[in-house]
Amino acid sequence: MASLIHCPHCGVRPKEEFSIRGDASLVRPDPEASDEAWHDYVHIRSNPRGRYREHWQHVAGCRRWLVVERDTFTHEVFSVTDGAATAREAGR
Amino acid sequence: MTMPYISRHPLENRLPLEPGIRAVDHMDVPRGTAIATVMAMDGEDAAVAAGLAVAGDMSLRFVAPGEWLAVSQSDTPEGLCRNLSLLLAETASVFDQSDGRVVLRLSGPNVRRILAKGIGIDLHPAVFEIGTSSNVLCGHISINLARTGENEFELIVMRSFAESLFDDLRLMGREFDLSADFSAQG
């Protein structure tokens with residue numbers, strides 16, 4: 001597990017200050033989408049070995065939701081961005 | 001006689017540790033500190049930061065983007081909130097936290113080593129500069145840590161965690177005979 005996370009608001013922090021909130025690459029389906037699409041969105045998760053985008057919440061710090069891109073095998077952290085900024089960029 | 005719960009300081013049972021003894025590393029606990037949270041409305045971060053920068057008679061603690069704690073030793077809780085509300089008007093929400101938070105001031109040559117036992121960030125003055133503040137985890141308790149001087153730190157903790165944090169800090173400071181007492185100024 002990546003042990004040091006560079007929070008864009010608070011600086012370098014130990015992972016104990018964060019709470020992991022799951023896959024950040026999921027996009028919520030249309031309300032009218034099929035049951036299969038909703039089932040996949042709610043329940044089905046991949047467990048990749050390698051690069052992974054995840055929501056981490058800095059619960060003991062600024063309490064912001066962050067998007068952490070990390071490697072689940074080498075523990076390398078590629079980027080940490082604020083969740084709101086990432087969502088704005090994606091036009092959501 | 002009935003006493004309102006909030007008129008009692010949460011560390012009343014623990015302090016003073018040893019009356020009259022003040023070691024080089026000391027924890028000072030002010031009884032009455034006015035504290036308020038300031039939260040900027042959506043998109044008003046910069047305006048609120050600029051407004052707070054000119055507000056006198058209080059110090060600011062960074063919590064999160066668009067969120068601060070305003071701390072004042074001289075003002076009353078009501079006065080602090082009134083001043084902030086007038087100053088920031090429609091750009092921010094201001095809430096009194098004076099009864100909900102406890103301030104602990106640590107000073108002395110070894111405080112950095114004491115805090116390093118529970119806090120996972122670099123406390124060197126070149127990294128955590130004088131005047132900076134941030135929310136950090138101390139042991140398992142989330143606090144707001146501010147550096148007020150080279151060897152002076154101010155911790156702000158939620159009231160219900162104050163006793164637990166106090167016990168942790170005593171343990172962390174036992175090596176250096178950390179002393180603790182209520183502030184003389186009240």
# chains A, B, ... in the order shown; residues from 1 in each chain; ligands from 1
>>> residues_around(residues="Ser79 in chain A", least_positions_apart="6", cutoff="8 Å", atoms="only C-alpha atoms", output="list in words")
Val67, Val68, Glu69 and Arg70 of chain A
>>> closest_atom_pairs(of="range 3-84 of chain A", to="range 46-64 of chain B", cutoff="10 Å", atoms="only C-alpha atoms", output="JSON lines")
{"residue": "A:His9", "atom": "CA", "partner": "B:Ala64", "partner_atom": "CA", "distance": 7.0}
{"residue": "A:Cys10", "atom": "CA", "partner": "B:Ala64", "partner_atom": "CA", "distance": 8.0}
{"residue": "A:Gly61", "atom": "CA", "partner": "B:Val63", "partner_atom": "CA", "distance": 7.4}
{"residue": "A:Cys62", "atom": "CA", "partner": "B:Ala64", "partner_atom": "CA", "distance": 4.4}
{"residue": "A:Arg63", "atom": "CA", "partner": "B:Ala64", "partner_atom": "CA", "distance": 7.3}
{"residue": "A:Arg64", "atom": "CA", "partner": "B:Ala64", "partner_atom": "CA", "distance": 7.6}
>>> write_last_selection(atoms="C-alpha atoms", output="PDB file, in the first residue's frame")
ATOM      1  CA  HIS A   9      -4.085  20.990   0.182  1.00  0.00           C
ATOM      2  CA  CYS A  10      -2.110  19.667   3.171  1.00  0.00           C
ATOM      3  CA  GLY A  61      -6.901  16.509   7.399  1.00  0.00           C
ATOM      4  CA  CYS A  62      -8.786  18.773   5.023  1.00  0.00           C
ATOM      5  CA  ARG A  63     -11.619  16.197   4.683  1.00  0.00           C
ATOM      6  CA  ARG A  64     -11.616  16.654   0.901  1.00  0.00           C
TER       7      ARG A  64
END
>>> interface_residues(of="chain A", to="chain B", cutoff="12 Å", atoms="only C-alpha atoms", output="PyMOL selection string")
chain A and resi 3-18+58-65+82+84
>>> select_by_dssp(residues="range 37-136 of chain B", states="strand (DSSP E)", output="JSON, numbers by chain")
{"B": [37, 38, 39, 40, 59, 60, 61, 62, 63, 64, 67, 68, 69, 70, 71, 72, 92, 93, 94, 95, 96, 101, 102, 103, 104, 105, 106, 107, 133, 134, 135, 136]}
>>> residues_around(residues="range 87-96 of chain B", least_positions_apart="4", cutoff="7 Å", atoms="only C-alpha atoms", output="count of residues only")
13
>>> closest_residue(among="B:Gly100, B:Gly79, B:Pro109, B:Gly149", to="Pro125 in chain B", atoms="only C-alpha atoms")
B:Gly149
>>> residues_around(residues="Pro29 in chain A", least_positions_apart="5", cutoff="12 Å", atoms="only C-alpha atoms", output="compact mmCIF listing (two decimals) with N, CA and C atoms, in the first residue's frame")
# COMPACT_ATOMS: atom_id res chain seq x y z
N SER A 34 -30.19 0.29 -18.42
CA SER A 34 -30.66 -1.07 -18.16
C SER A 34 -30.23 -1.55 -16.78
N ASP A 35 -30.92 -2.57 -16.29
CA ASP A 35 -30.58 -3.16 -15.00
C ASP A 35 -29.15 -3.67 -15.00
N GLU A 36 -28.69 -4.21 -16.15
CA GLU A 36 -27.32 -4.73 -16.22
C GLU A 36 -26.31 -3.61 -15.99
N ALA A 37 -26.58 -2.45 -16.63
CA ALA A 37 -25.66 -1.32 -16.48
C ALA A 37 -25.58 -0.87 -15.02
N TRP A 38 -26.74 -0.82 -14.38
CA TRP A 38 -26.78 -0.40 -12.97
C TRP A 38 -26.14 -1.45 -12.06
N HIS A 39 -26.38 -2.72 -12.39
CA HIS A 39 -25.79 -3.80 -11.60
C HIS A 39 -24.27 -3.73 -11.68
N ASP A 40 -23.75 -3.49 -12.89
CA ASP A 40 -22.30 -3.37 -13.06
C ASP A 40 -21.77 -2.18 -12.25
N TYR A 41 -22.49 -1.07 -12.33
CA TYR A 41 -22.03 0.16 -11.67
C TYR A 41 -22.00 0.00 -10.14
N VAL A 42 -23.03 -0.66 -9.62
CA VAL A 42 -23.13 -0.74 -8.16
C VAL A 42 -22.27 -1.86 -7.58
>>> residues_around(residues="Arg45 in chain A", least_positions_apart="2", cutoff="12 Å", atoms="only C-alpha atoms", output="list of chain:residue names")
A:Gly22, A:Asp23, A:Ala24, A:Ser25, A:Leu26, A:His39, A:Asp40, A:Tyr41, A:Val42, A:His43, A:Asn47, A:Pro48, A:Tyr52, A:Glu54
>>> residues_around(residues="Thr33 in chain B", least_positions_apart="4", cutoff="10 Å", atoms="only C-alpha atoms", output="list in words")
Val29, Val71, Ser72, Gln73, Ser74, Asp75, Thr76, Pro77, Gln97, Ser98, Asp99, Arg101, Val102, Val103 and Gly186 of chain B
>>> atom_distance(atom1="CA of Thr74 in chain A", atom2="CA of Gln57 in chain A")
21.6 Å
>>> atom_distance(atom1="CA of Gly118 in chain B", atom2="CA of Ile130 in chain B")
19.7 Å
>>> select_by_dssp(residues="range 4-89 of chain A", states="helix (DSSP H, G or I)", output="short mmCIF file (atom, residue, chain, number, x, y, z; two decimals) with all heavy atoms, in the first residue's frame")
data_model
loop_
_atom_site.label_atom_id
_atom_site.label_comp_id
_atom_site.auth_asym_id
_atom_site.auth_seq_id
_atom_site.Cartn_x
_atom_site.Cartn_y
_atom_site.Cartn_z
N LYS A 15 -0.61 7.50 5.16
CA LYS A 15 -1.87 6.95 4.66
C LYS A 15 -2.91 6.79 5.76
O LYS A 15 -4.10 6.74 5.49
CB LYS A 15 -1.61 5.61 3.98
CG LYS A 15 -1.28 4.47 4.93
CD LYS A 15 -1.23 3.16 4.18
CE LYS A 15 -1.21 1.95 5.09
NZ LYS A 15 -0.25 1.95 6.19
N GLU A 16 -2.47 6.74 7.04
CA GLU A 16 -3.42 6.57 8.15
C GLU A 16 -4.41 7.73 8.23
O GLU A 16 -5.47 7.60 8.85
CB GLU A 16 -2.67 6.45 9.48
CG GLU A 16 -2.01 5.11 9.72
CD GLU A 16 -0.75 4.91 8.89
OE1 GLU A 16 -0.21 5.90 8.35
OE2 GLU A 16 -0.31 3.75 8.77
N GLU A 17 -4.06 8.87 7.65
CA GLU A 17 -4.97 10.02 7.70
C GLU A 17 -6.09 9.91 6.68
O GLU A 17 -7.01 10.72 6.68
CB GLU A 17 -4.18 11.32 7.45
CG GLU A 17 -3.23 11.67 8.57
CD GLU A 17 -2.74 13.11 8.49
OE1 GLU A 17 -3.10 13.83 7.54
OE2 GLU A 17 -1.98 13.50 9.38
N ASP A 35 -30.92 -2.57 -16.29
CA ASP A 35 -30.58 -3.16 -15.00
C ASP A 35 -29.15 -3.67 -15.00
O ASP A 35 -28.46 -3.58 -13.98
CB ASP A 35 -31.53 -4.31 -14.66
CG ASP A 35 -32.89 -3.80 -14.23
OD1 ASP A 35 -33.01 -2.56 -14.09
OD2 ASP A 35 -33.81 -4.61 -14.05
N GLU A 36 -28.69 -4.21 -16.15
CA GLU A 36 -27.32 -4.73 -16.22
C GLU A 36 -26.31 -3.61 -15.99
O GLU A 36 -25.33 -3.78 -15.26
CB GLU A 36 -27.04 -5.40 -17.58
CG GLU A 36 -27.70 -6.75 -17.78
CD GLU A 36 -29.19 -6.61 -18.08
OE1 GLU A 36 -29.53 -5.78 -18.94
OE2 GLU A 36 -30.00 -7.29 -17.42
N ALA A 37 -26.58 -2.45 -16.63
CA ALA A 37 -25.66 -1.32 -16.48
C ALA A 37 -25.58 -0.87 -15.02
O ALA A 37 -24.51 -0.61 -14.49
CB ALA A 37 -26.10 -0.16 -17.38
N TRP A 38 -26.74 -0.82 -14.38
CA TRP A 38 -26.78 -0.40 -12.97
C TRP A 38 -26.14 -1.45 -12.06
O TRP A 38 -25.45 -1.12 -11.11
CB TRP A 38 -28.22 -0.12 -12.54
CG TRP A 38 -28.57 1.30 -12.83
CD1 TRP A 38 -29.31 1.76 -13.86
CD2 TRP A 38 -28.16 2.45 -12.08
NE1 TRP A 38 -29.40 3.13 -13.81
CE2 TRP A 38 -28.71 3.58 -12.73
CE3 TRP A 38 -27.40 2.63 -10.94
CZ2 TRP A 38 -28.51 4.87 -12.27
CZ3 TRP A 38 -27.19 3.92 -10.46
CH2 TRP A 38 -27.74 5.02 -11.14
N HIS A 39 -26.38 -2.72 -12.39
CA HIS A 39 -25.79 -3.80 -11.60
C HIS A 39 -24.27 -3.73 -11.68
O HIS A 39 -23.57 -3.81 -10.66
CB HIS A 39 -26.29 -5.16 -12.13
CG HIS A 39 -25.69 -6.32 -11.41
ND1 HIS A 39 -24.58 -6.97 -11.88
CD2 HIS A 39 -26.02 -6.91 -10.24
CE1 HIS A 39 -24.25 -7.94 -11.02
NE2 HIS A 39 -25.13 -7.92 -10.03
N ASP A 40 -23.75 -3.49 -12.89
CA ASP A 40 -22.30 -3.37 -13.06
C ASP A 40 -21.77 -2.18 -12.25
O ASP A 40 -20.75 -2.27 -11.58
CB ASP A 40 -21.95 -3.16 -14.54
CG ASP A 40 -22.09 -4.46 -15.32
OD1 ASP A 40 -22.39 -5.48 -14.67
OD2 ASP A 40 -21.91 -4.43 -16.55
N TYR A 41 -22.49 -1.07 -12.33
CA TYR A 41 -22.03 0.16 -11.67
C TYR A 41 -22.00 0.00 -10.14
O TYR A 41 -21.08 0.44 -9.47
CB TYR A 41 -22.94 1.32 -12.06
CG TYR A 41 -22.69 2.59 -11.26
CD1 TYR A 41 -21.54 3.34 -11.47
CD2 TYR A 41 -23.60 3.02 -10.31
CE1 TYR A 41 -21.30 4.48 -10.75
CE2 TYR A 41 -23.38 4.17 -9.58
CZ TYR A 41 -22.22 4.90 -9.80
OH TYR A 41 -21.98 6.03 -9.08
N VAL A 42 -23.03 -0.66 -9.62
CA VAL A 42 -23.13 -0.74 -8.16
C VAL A 42 -22.27 -1.86 -7.58
O VAL A 42 -21.64 -1.68 -6.53
CB VAL A 42 -24.62 -0.94 -7.74
CG1 VAL A 42 -24.73 -1.14 -6.23
CG2 VAL A 42 -25.46 0.26 -8.15
N HIS A 43 -22.24 -3.01 -8.26
CA HIS A 43 -21.63 -4.19 -7.63
C HIS A 43 -20.32 -4.68 -8.22
O HIS A 43 -19.53 -5.28 -7.52
CB HIS A 43 -22.63 -5.35 -7.63
CG HIS A 43 -23.90 -5.05 -6.90
ND1 HIS A 43 -23.92 -4.86 -5.54
CD2 HIS A 43 -25.16 -4.86 -7.34
CE1 HIS A 43 -25.17 -4.59 -5.17
NE2 HIS A 43 -25.94 -4.58 -6.22
N GLY A 83 -10.88 15.89 -5.88
CA GLY A 83 -11.99 15.24 -6.57
C GLY A 83 -12.87 16.23 -7.32
O GLY A 83 -13.31 15.95 -8.44
N ALA A 84 -13.12 17.40 -6.71
CA ALA A 84 -13.98 18.39 -7.34
C ALA A 84 -13.34 18.92 -8.62
O ALA A 84 -14.01 19.09 -9.64
CB ALA A 84 -14.25 19.54 -6.37
N ALA A 85 -12.02 19.15 -8.58
CA ALA A 85 -11.31 19.65 -9.76
C ALA A 85 -11.34 18.61 -10.87
O ALA A 85 -11.55 18.94 -12.04
CB ALA A 85 -9.87 20.00 -9.39
N THR A 86 -11.16 17.34 -10.49
CA THR A 86 -11.18 16.27 -11.47
C THR A 86 -12.55 16.16 -12.13
O THR A 86 -12.67 15.99 -13.34
CB THR A 86 -10.83 14.93 -10.80
OG1 THR A 86 -9.64 15.11 -10.02
CG2 THR A 86 -10.59 13.85 -11.82
N ALA A 87 -13.61 16.28 -11.32
CA ALA A 87 -14.97 16.18 -11.85
C ALA A 87 -15.27 17.35 -12.78
O ALA A 87 -15.92 17.19 -13.81
CB ALA A 87 -15.96 16.17 -10.69
N ARG A 88 -14.76 18.54 -12.42
CA ARG A 88 -14.98 19.72 -13.28
C ARG A 88 -14.31 19.53 -14.63
O ARG A 88 -14.89 19.84 -15.67
CB ARG A 88 -14.40 20.97 -12.59
CG ARG A 88 -15.49 21.89 -12.03
CD ARG A 88 -14.96 23.27 -11.74
NE ARG A 88 -13.76 23.27 -10.93
CZ ARG A 88 -13.75 23.20 -9.60
NH1 ARG A 88 -14.88 23.10 -8.94
NH2 ARG A 88 -12.63 23.22 -8.93
N GLU A 89 -13.08 18.98 -14.60
CA GLU A 89 -12.35 18.74 -15.85
C GLU A 89 -13.10 17.76 -16.73
O GLU A 89 -13.14 17.90 -17.95
CB GLU A 89 -10.97 18.17 -15.54
CG GLU A 89 -9.88 19.23 -15.50
CD GLU A 89 -8.58 18.67 -14.96
OE1 GLU A 89 -8.25 17.53 -15.32
OE2 GLU A 89 -7.91 19.36 -14.18
#
